[in-house]
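Content type CSV, N, CA and C atoms, from the file run.csv:
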chain,number,residue,atom,x,y,z
F,1,MET,N,18.6,10.0,5.8
F,1,MET,CA,18.5,8.6,5.7
F,1,MET,C,18.6,8.1,4.3
F,2,THR,N,19.5,7.2,4.0
F,2,THR,CA,19.7,6.7,2.7
F,2,THR,C,18.7,5.6,2.4
F,3,ARG,N,18.5,5.3,1.2
F,3,ARG,CA,17.6,4.2,0.8
F,3,ARG,C,18.1,2.9,1.3
F,4,ASP,N,19.4,2.6,1.4
F,4,ASP,CA,19.9,1.4,1.9
F,4,ASP,C,19.6,1.1,3.4
F,5,ASN,N,19.5,2.1,4.2
F,5,ASN,CA,19.3,1.8,5.6
F,5,ASN,C,17.9,2.1,6.1
F,6,MET,N,17.0,2.4,5.2
F,6,MET,CA,15.6,2.7,5.6
F,6,MET,C,14.9,1.3,5.6
F,7,LYS,N,14.1,1.1,6.7
F,7,LYS,CA,13.4,-0.2,6.8
F,7,LYS,C,12.0,0.1,7.4
F,8,PRO,N,11.1,-0.8,7.1
F,8,PRO,CA,9.8,-0.7,7.7
F,8,PRO,C,9.9,-0.6,9.2
F,9,GLY,N,9.1,0.4,9.7
F,9,GLY,CA,9.1,0.6,11.2
F,9,GLY,C,9.9,1.8,11.6
F,10,ASP,N,10.8,2.3,10.7
F,10,ASP,CA,11.6,3.5,11.1
F,10,ASP,C,10.6,4.6,11.3
F,11,VAL,N,10.8,5.4,12.4
F,11,VAL,CA,9.9,6.5,12.8
F,11,VAL,C,10.8,7.7,13.0
F,12,ARG,N,10.3,8.8,12.5
F,12,ARG,CA,10.8,10.1,12.8
F,12,ARG,C,9.7,11.1,13.1
F,13,THR,N,9.9,12.0,14.0
F,13,THR,CA,8.9,13.0,14.3
F,13,THR,C,9.2,14.4,13.6
F,14,PHE,N,8.2,15.2,13.3
F,14,PHE,CA,8.4,16.5,12.8
F,14,PHE,C,7.2,17.4,13.2
F,15,GLN,N,7.4,18.7,13.1
F,15,GLN,CA,6.4,19.6,13.4
F,15,GLN,C,5.4,19.8,12.3
F,16,LYS,N,4.2,19.7,12.5
F,16,LYS,CA,3.2,19.9,11.4
F,16,LYS,C,2.1,20.8,12.1
F,17,GLY,N,2.1,22.1,11.6
F,17,GLY,CA,1.1,23.0,12.2
F,17,GLY,C,1.6,23.3,13.6
F,18,GLY,N,0.6,23.1,14.6
F,18,GLY,CA,0.9,23.4,16.0
F,18,GLY,C,1.2,22.1,16.8
F,19,GLY,N,1.2,21.0,16.1
F,19,GLY,CA,1.4,19.7,16.9
F,19,GLY,C,2.5,18.9,16.4
F,20,GLU,N,2.6,17.7,17.0
F,20,GLU,CA,3.6,16.7,16.5
F,20,GLU,C,3.1,15.9,15.4
F,21,ALA,N,3.9,15.4,14.6
F,21,ALA,CA,3.5,14.5,13.5
F,21,ALA,C,4.6,13.4,13.4
F,22,VAL,N,4.3,12.3,12.8
F,22,VAL,CA,5.2,11.2,12.7
F,22,VAL,C,5.3,10.8,11.2
F,23,VAL,N,6.5,10.5,10.8
F,23,VAL,CA,6.8,9.8,9.5
F,23,VAL,C,7.1,8.3,9.9
F,24,LEU,N,6.3,7.4,9.3
F,24,LEU,CA,6.5,6.0,9.5
F,24,LEU,C,6.9,5.4,8.2
F,25,ALA,N,8.1,4.7,8.2
F,25,ALA,CA,8.5,4.0,7.0
F,25,ALA,C,7.7,2.7,6.9
F,26,ILE,N,7.0,2.5,5.8
F,26,ILE,CA,6.2,1.2,5.7
F,26,ILE,C,6.8,0.4,4.5
F,27,GLY,N,6.5,-0.9,4.5
F,27,GLY,CA,6.8,-1.7,3.4
F,27,GLY,C,5.5,-2.1,2.7
F,28,LEU,N,5.6,-2.1,1.3
F,28,LEU,CA,4.5,-2.4,0.5
F,28,LEU,C,4.9,-3.4,-0.5
F,29,TRP,N,4.0,-4.4,-0.7
F,29,TRP,CA,4.1,-5.4,-1.8
F,29,TRP,C,2.8,-5.9,-2.2
F,30,ALA,N,2.7,-6.3,-3.4
F,30,ALA,CA,1.4,-6.8,-4.0
F,30,ALA,C,1.5,-8.2,-4.4
F,31,ARG,N,0.4,-9.0,-4.3
F,31,ARG,CA,0.3,-10.3,-4.7
F,31,ARG,C,-1.1,-10.7,-5.2
F,32,ARG,N,-1.1,-11.6,-6.1
F,32,ARG,CA,-2.4,-12.0,-6.6
F,32,ARG,C,-3.2,-12.9,-5.6
F,33,GLU,N,-4.5,-12.7,-5.5
F,33,GLU,CA,-5.3,-13.5,-4.7
F,33,GLU,C,-6.5,-13.9,-5.5
F,34,GLY,N,-6.4,-14.9,-6.3
F,34,GLY,CA,-7.5,-15.3,-7.2
F,34,GLY,C,-7.4,-14.7,-8.5
F,35,LYS,N,-8.4,-15.0,-9.4
F,35,LYS,CA,-8.3,-14.5,-10.8
F,35,LYS,C,-8.2,-13.0,-11.0
F,36,ASN,N,-9.1,-12.3,-10.4
F,36,ASN,CA,-9.2,-10.8,-10.6
F,36,ASN,C,-8.9,-10.0,-9.3
F,37,ARG,N,-8.3,-10.6,-8.3
F,37,ARG,CA,-8.1,-9.9,-7.1
F,37,ARG,C,-6.6,-9.8,-6.8
F,38,ILE,N,-6.2,-8.6,-6.4
F,38,ILE,CA,-4.9,-8.3,-6.0
F,38,ILE,C,-4.9,-7.7,-4.6
F,39,ARG,N,-4.0,-8.2,-3.8
F,39,ARG,CA,-3.9,-7.7,-2.4
F,39,ARG,C,-2.6,-7.0,-2.2
F,40,ILE,N,-2.6,-5.8,-1.6
F,40,ILE,CA,-1.4,-5.1,-1.2
F,40,ILE,C,-1.2,-5.2,0.3
F,41,ASP,N,-0.1,-5.7,0.6
F,41,ASP,CA,0.3,-5.8,2.0
F,41,ASP,C,1.0,-4.5,2.5
F,42,ILE,N,0.7,-4.1,3.7
F,42,ILE,CA,1.4,-2.9,4.3
F,42,ILE,C,1.9,-3.3,5.6
F,43,THR,N,3.2,-3.1,5.8
F,43,THR,CA,3.8,-3.4,7.1
F,43,THR,C,4.6,-2.3,7.6
F,44,GLY,N,4.7,-2.1,8.9
F,44,GLY,CA,5.4,-1.0,9.5
F,44,GLY,C,6.1,-1.5,10.7
F,45,THR,N,5.6,-1.3,11.9
F,45,THR,CA,6.2,-1.7,13.1
F,45,THR,C,5.9,-3.2,13.3
F,46,LYS,N,6.5,-3.8,14.4
F,46,LYS,CA,6.3,-5.2,14.7
F,46,LYS,C,4.9,-5.6,14.9
F,47,LYS,N,4.1,-4.6,15.4
F,47,LYS,CA,2.7,-4.9,15.6
F,47,LYS,C,1.7,-4.3,14.6
F,48,PHE,N,2.3,-3.9,13.4
F,48,PHE,CA,1.5,-3.3,12.4
F,48,PHE,C,1.7,-4.0,11.1
F,49,HIS,N,0.6,-4.7,10.6
F,49,HIS,CA,0.6,-5.3,9.3
F,49,HIS,C,-0.9,-5.4,8.9
F,50,THR,N,-1.2,-4.9,7.8
F,50,THR,CA,-2.6,-4.9,7.3
F,50,THR,C,-2.6,-5.1,5.8
F,51,THR,N,-3.7,-5.2,5.2
F,51,THR,CA,-3.8,-5.4,3.7
F,51,THR,C,-5.0,-4.6,3.2
F,52,VAL,N,-4.9,-4.4,1.9
F,52,VAL,CA,-6.0,-3.7,1.2
F,52,VAL,C,-6.2,-4.4,-0.1
F,53,THR,N,-7.4,-4.5,-0.7
F,53,THR,CA,-7.6,-5.3,-1.9
F,53,THR,C,-8.4,-4.5,-2.9
F,54,ASN,N,-8.4,-4.9,-4.2
F,54,ASN,CA,-9.3,-4.3,-5.2
F,54,ASN,C,-10.6,-5.1,-5.3
F,55,ASP,N,-10.8,-6.1,-4.5
F,55,ASP,CA,-12.0,-6.9,-4.5
F,55,ASP,C,-13.2,-6.1,-3.8
F,56,THR,N,-14.1,-5.7,-4.6
F,56,THR,CA,-15.2,-4.8,-4.0
F,56,THR,C,-16.1,-5.6,-3.0
F,57,GLU,N,-16.0,-6.9,-3.0
F,57,GLU,CA,-16.8,-7.7,-2.1
F,57,GLU,C,-16.1,-8.0,-0.8
F,58,SER,N,-14.9,-7.6,-0.7
F,58,SER,CA,-14.1,-7.8,0.5
F,58,SER,C,-14.2,-6.7,1.6
F,59,LYS,N,-14.1,-7.1,2.8
F,59,LYS,CA,-14.1,-6.1,3.9
F,59,LYS,C,-12.8,-5.3,3.9
F,60,ARG,N,-11.8,-5.8,3.2
F,60,ARG,CA,-10.5,-5.2,3.0
F,60,ARG,C,-10.4,-4.2,1.8
F,61,TYR,N,-11.6,-4.0,1.1
F,61,TYR,CA,-11.6,-3.2,-0.1
F,61,TYR,C,-11.6,-1.7,0.4
F,62,HIS,N,-10.8,-0.9,-0.2
F,62,HIS,CA,-10.8,0.5,0.0
F,62,HIS,C,-10.2,1.1,-1.3
F,63,ARG,N,-11.1,1.7,-2.1
F,63,ARG,CA,-10.7,2.1,-3.5
F,63,ARG,C,-9.6,3.1,-3.5
F,64,THR,N,-9.7,4.2,-2.7
F,64,THR,CA,-8.7,5.2,-2.8
F,64,THR,C,-7.4,4.8,-2.2
F,65,LEU,N,-7.4,4.0,-1.1
F,65,LEU,CA,-6.1,3.5,-0.5
F,65,LEU,C,-5.4,2.6,-1.5
F,66,PHE,N,-6.2,1.6,-2.1
F,66,PHE,CA,-5.6,0.7,-3.0
F,66,PHE,C,-5.0,1.5,-4.2
F,67,ARG,N,-5.8,2.5,-4.7
F,67,ARG,CA,-5.3,3.3,-5.9
F,67,ARG,C,-4.0,4.0,-5.5
F,68,ASP,N,-3.9,4.6,-4.4
F,68,ASP,CA,-2.8,5.4,-4.0
F,68,ASP,C,-1.5,4.5,-3.8
F,69,LEU,N,-1.7,3.4,-3.1
F,69,LEU,CA,-0.6,2.5,-2.9
F,69,LEU,C,-0.2,1.8,-4.2
F,70,ARG,N,-1.1,1.5,-5.1
F,70,ARG,CA,-0.8,0.9,-6.4
F,70,ARG,C,0.1,1.9,-7.2
F,71,ARG,N,-0.3,3.2,-7.1
F,71,ARG,CA,0.5,4.3,-7.8
F,71,ARG,C,1.9,4.3,-7.3
F,72,VAL,N,2.2,4.1,-6.0
F,72,VAL,CA,3.5,4.1,-5.4
F,72,VAL,C,4.3,2.9,-6.0
F,73,LEU,N,3.6,1.7,-6.0
F,73,LEU,CA,4.3,0.5,-6.5
F,73,LEU,C,4.6,0.6,-7.9
F,74,VAL,N,3.7,1.1,-8.7
F,74,VAL,CA,3.9,1.3,-10.2
F,74,VAL,C,5.1,2.3,-10.4
F,75,ALA,N,5.1,3.4,-9.7
F,75,ALA,CA,6.1,4.4,-9.9
F,75,ALA,C,7.5,3.9,-9.6
F,76,ASN,N,7.5,2.9,-8.8
F,76,ASN,CA,8.8,2.3,-8.3
F,76,ASN,C,9.1,1.0,-8.9
F,77,SER,N,8.4,0.7,-10.0
F,77,SER,CA,8.6,-0.6,-10.8
F,77,SER,C,8.5,-1.8,-9.9
F,78,CYS,N,7.5,-1.8,-9.0
F,78,CYS,CA,7.2,-2.9,-8.1
F,78,CYS,C,5.8,-3.5,-8.3
F,79,TRP,N,5.3,-3.2,-9.5
F,79,TRP,CA,3.9,-3.7,-9.8
F,79,TRP,C,4.0,-4.7,-11.0
F,80,ALA,N,3.7,-5.9,-10.7
F,80,ALA,CA,3.9,-7.0,-11.7
F,80,ALA,C,2.6,-7.4,-12.5
F,81,PHE,N,1.6,-6.5,-12.4
F,81,PHE,CA,0.3,-6.9,-12.8
F,81,PHE,C,-0.3,-6.0,-14.0
F,82,GLY,N,0.6,-5.4,-14.7
F,82,GLY,CA,0.2,-4.5,-15.8
F,82,GLY,C,-0.9,-3.5,-15.4
F,83,ASP,N,-2.0,-3.5,-16.2
F,83,ASP,CA,-3.1,-2.6,-15.9
F,83,ASP,C,-4.0,-3.1,-14.8
F,84,GLU,N,-3.9,-4.3,-14.3
F,84,GLU,CA,-4.8,-4.8,-13.3
F,84,GLU,C,-4.8,-3.9,-12.1
F,85,GLY,N,-5.9,-3.6,-11.6
F,85,GLY,CA,-6.1,-2.7,-10.4
F,85,GLY,C,-6.3,-1.3,-10.8
F,86,SER,N,-6.2,-1.0,-12.1
F,86,SER,CA,-6.4,0.4,-12.6
F,86,SER,C,-7.9,0.8,-12.6
F,87,GLU,N,-8.8,-0.2,-12.4
F,87,GLU,CA,-10.2,0.2,-12.2
F,87,GLU,C,-10.4,1.2,-11.1
F,88,THR,N,-9.5,1.2,-10.1
F,88,THR,CA,-9.6,2.0,-8.9
F,88,THR,C,-9.3,3.5,-9.3
F,89,GLU,N,-8.7,3.7,-10.5
F,89,GLU,CA,-8.4,5.1,-11.0
F,89,GLU,C,-9.7,5.8,-11.5
F,90,ARG,N,-10.7,5.0,-11.8
F,90,ARG,CA,-11.9,5.6,-12.3
F,90,ARG,C,-12.9,6.0,-11.2
F,91,ASP,N,-13.6,7.1,-11.5
F,91,ASP,CA,-14.6,7.5,-10.5
F,91,ASP,C,-15.8,6.6,-10.4

Full structure transcribed into structure tokens:
Amino acid sequence: MTRDNMKPGDVRTFQKGGGEAVVLAIGLWARREGKNRIRIDITGTKKFHTTVTNDTESKRYHRTLFRDLRRVLVANSCWAFGDEGSETERD
């Protein structure tokens, strides 16, 4: 699959160990929500859209998921917030 025709929701199966496994193409993007809060949206299939945030007071806060998704966005030049969100890199 080339980069041009890959889209959120694309699904492929593969063998992992003794069972079936799925590769799901997801879309990721980040946006500011308030002064010190950044939200990352995650979308896949038509029925799958969720968010994660760096706001420790939010029920959507998940430090390691935010960190890992932020790393993907940064590595692909899709992070417009400089060092913001990097607090999730610390233990």

Selection as a ChimeraX atom specification: residues within 12 Å of (8.5, 3.5, 13.8), counting only C-alpha atoms: /F:6-13,22-27,43-48

Keeping only N, CA and C atoms, write the selected residues as a short mmCIF file (atom, residue, chain, number, x, y, z; two decimals), in the coordinates of the input.
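Heads up, here's the output in part-v1.cif:
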data_model
loop_
_atom_site.label_atom_id
_atom_site.label_comp_id
_atom_site.auth_asym_id
_atom_site.auth_seq_id
_atom_site.Cartn_x
_atom_site.Cartn_y
_atom_site.Cartn_z
N MET F 6 17.00 2.40 5.20
CA MET F 6 15.60 2.70 5.60
C MET F 6 14.90 1.30 5.60
N LYS F 7 14.10 1.10 6.70
CA LYS F 7 13.40 -0.20 6.80
C LYS F 7 12.00 0.10 7.40
N PRO F 8 11.10 -0.80 7.10
CA PRO F 8 9.80 -0.70 7.70
C PRO F 8 9.90 -0.60 9.20
N GLY F 9 9.10 0.40 9.70
CA GLY F 9 9.10 0.60 11.20
C GLY F 9 9.90 1.80 11.60
N ASP F 10 10.80 2.30 10.70
CA ASP F 10 11.60 3.50 11.10
C ASP F 10 10.60 4.60 11.30
N VAL F 11 10.80 5.40 12.40
CA VAL F 11 9.90 6.50 12.80
C VAL F 11 10.80 7.70 13.00
N ARG F 12 10.30 8.80 12.50
CA ARG F 12 10.80 10.10 12.80
C ARG F 12 9.70 11.10 13.10
N THR F 13 9.90 12.00 14.00
CA THR F 13 8.90 13.00 14.30
C THR F 13 9.20 14.40 13.60
N VAL F 22 4.30 12.30 12.80
CA VAL F 22 5.20 11.20 12.70
C VAL F 22 5.30 10.80 11.20
N VAL F 23 6.50 10.50 10.80
CA VAL F 23 6.80 9.80 9.50
C VAL F 23 7.10 8.30 9.90
N LEU F 24 6.30 7.40 9.30
CA LEU F 24 6.50 6.00 9.50
C LEU F 24 6.90 5.40 8.20
N ALA F 25 8.10 4.70 8.20
CA ALA F 25 8.50 4.00 7.00
C ALA F 25 7.70 2.70 6.90
N ILE F 26 7.00 2.50 5.80
CA ILE F 26 6.20 1.20 5.70
C ILE F 26 6.80 0.40 4.50
N GLY F 27 6.50 -0.90 4.50
CA GLY F 27 6.80 -1.70 3.40
C GLY F 27 5.50 -2.10 2.70
N THR F 43 3.20 -3.10 5.80
CA THR F 43 3.80 -3.40 7.10
C THR F 43 4.60 -2.30 7.60
N GLY F 44 4.70 -2.10 8.90
CA GLY F 44 5.40 -1.00 9.50
C GLY F 44 6.10 -1.50 10.70
N THR F 45 5.60 -1.30 11.90
CA THR F 45 6.20 -1.70 13.10
C THR F 45 5.90 -3.20 13.30
N LYS F 46 6.50 -3.80 14.40
CA LYS F 46 6.30 -5.20 14.70
C LYS F 46 4.90 -5.60 14.90
N LYS F 47 4.10 -4.60 15.40
CA LYS F 47 2.70 -4.90 15.60
C LYS F 47 1.70 -4.30 14.60
N PHE F 48 2.30 -3.90 13.40
CA PHE F 48 1.50 -3.30 12.40
C PHE F 48 1.70 -4.00 11.10
#

Write out as an MDAnalysis selection string each polymer residue whose atoms come within 8 Å of segment 70-81 of chain F, counting only N, CA and C atoms; drop sequence neighbours fewer than 3 positions from it. chainID F and resid 28:31 40 64:67 84:86

Just checking: using only C-alpha atoms, which residue out of F:Lys16, F:Thr50, F:Asp55, F:Arg60 ends up closest to Lys35 of chain F? F:Asp55

Identify, with DSSP run on backbone atoms, the residues in chain F assigned to helix (DSSP H, G or I), and express the list as number ranges by chain. F: 3-5, 63-75, 86-89

Would you compute the distance between atom CA of Thr56 of chain F and atom N of Leu69 of chain F? Give it in Å to one decimal.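 Going from atom CA of Thr56 of chain F over to atom N of Leu69 of chain F covers 15.8 Å.
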
Could you please determine the separation between atom C of His49 of chain F and atom CA of Arg37 of chain F in Å, to one decimal place? 18.1 Å

One-decimal distance in Å that lies between atom N of Gln15 of chain F and atom CA of Thr51 of chain F: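 Atom N of Gln15 of chain F lies at a distance of 28.2 Å from atom CA of Thr51 of chain F.
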
Going by DSSP on the backbone, which residues of chain F come out as strand (DSSP E)? List them as a list of chain:residue names. F:Val11, F:Arg12, F:Thr13, F:Phe14, F:Gln15, F:Lys16, F:Gly19, F:Glu20, F:Ala21, F:Val22, F:Val23, F:Leu24, F:Gly27, F:Leu28, F:Trp29, F:Ala30, F:Arg31, F:Arg32, F:Ile38, F:Arg39, F:Ile40, F:Asp41, F:Ile42, F:Thr43, F:His49, F:Thr50, F:Thr51, F:Val52, F:Thr53
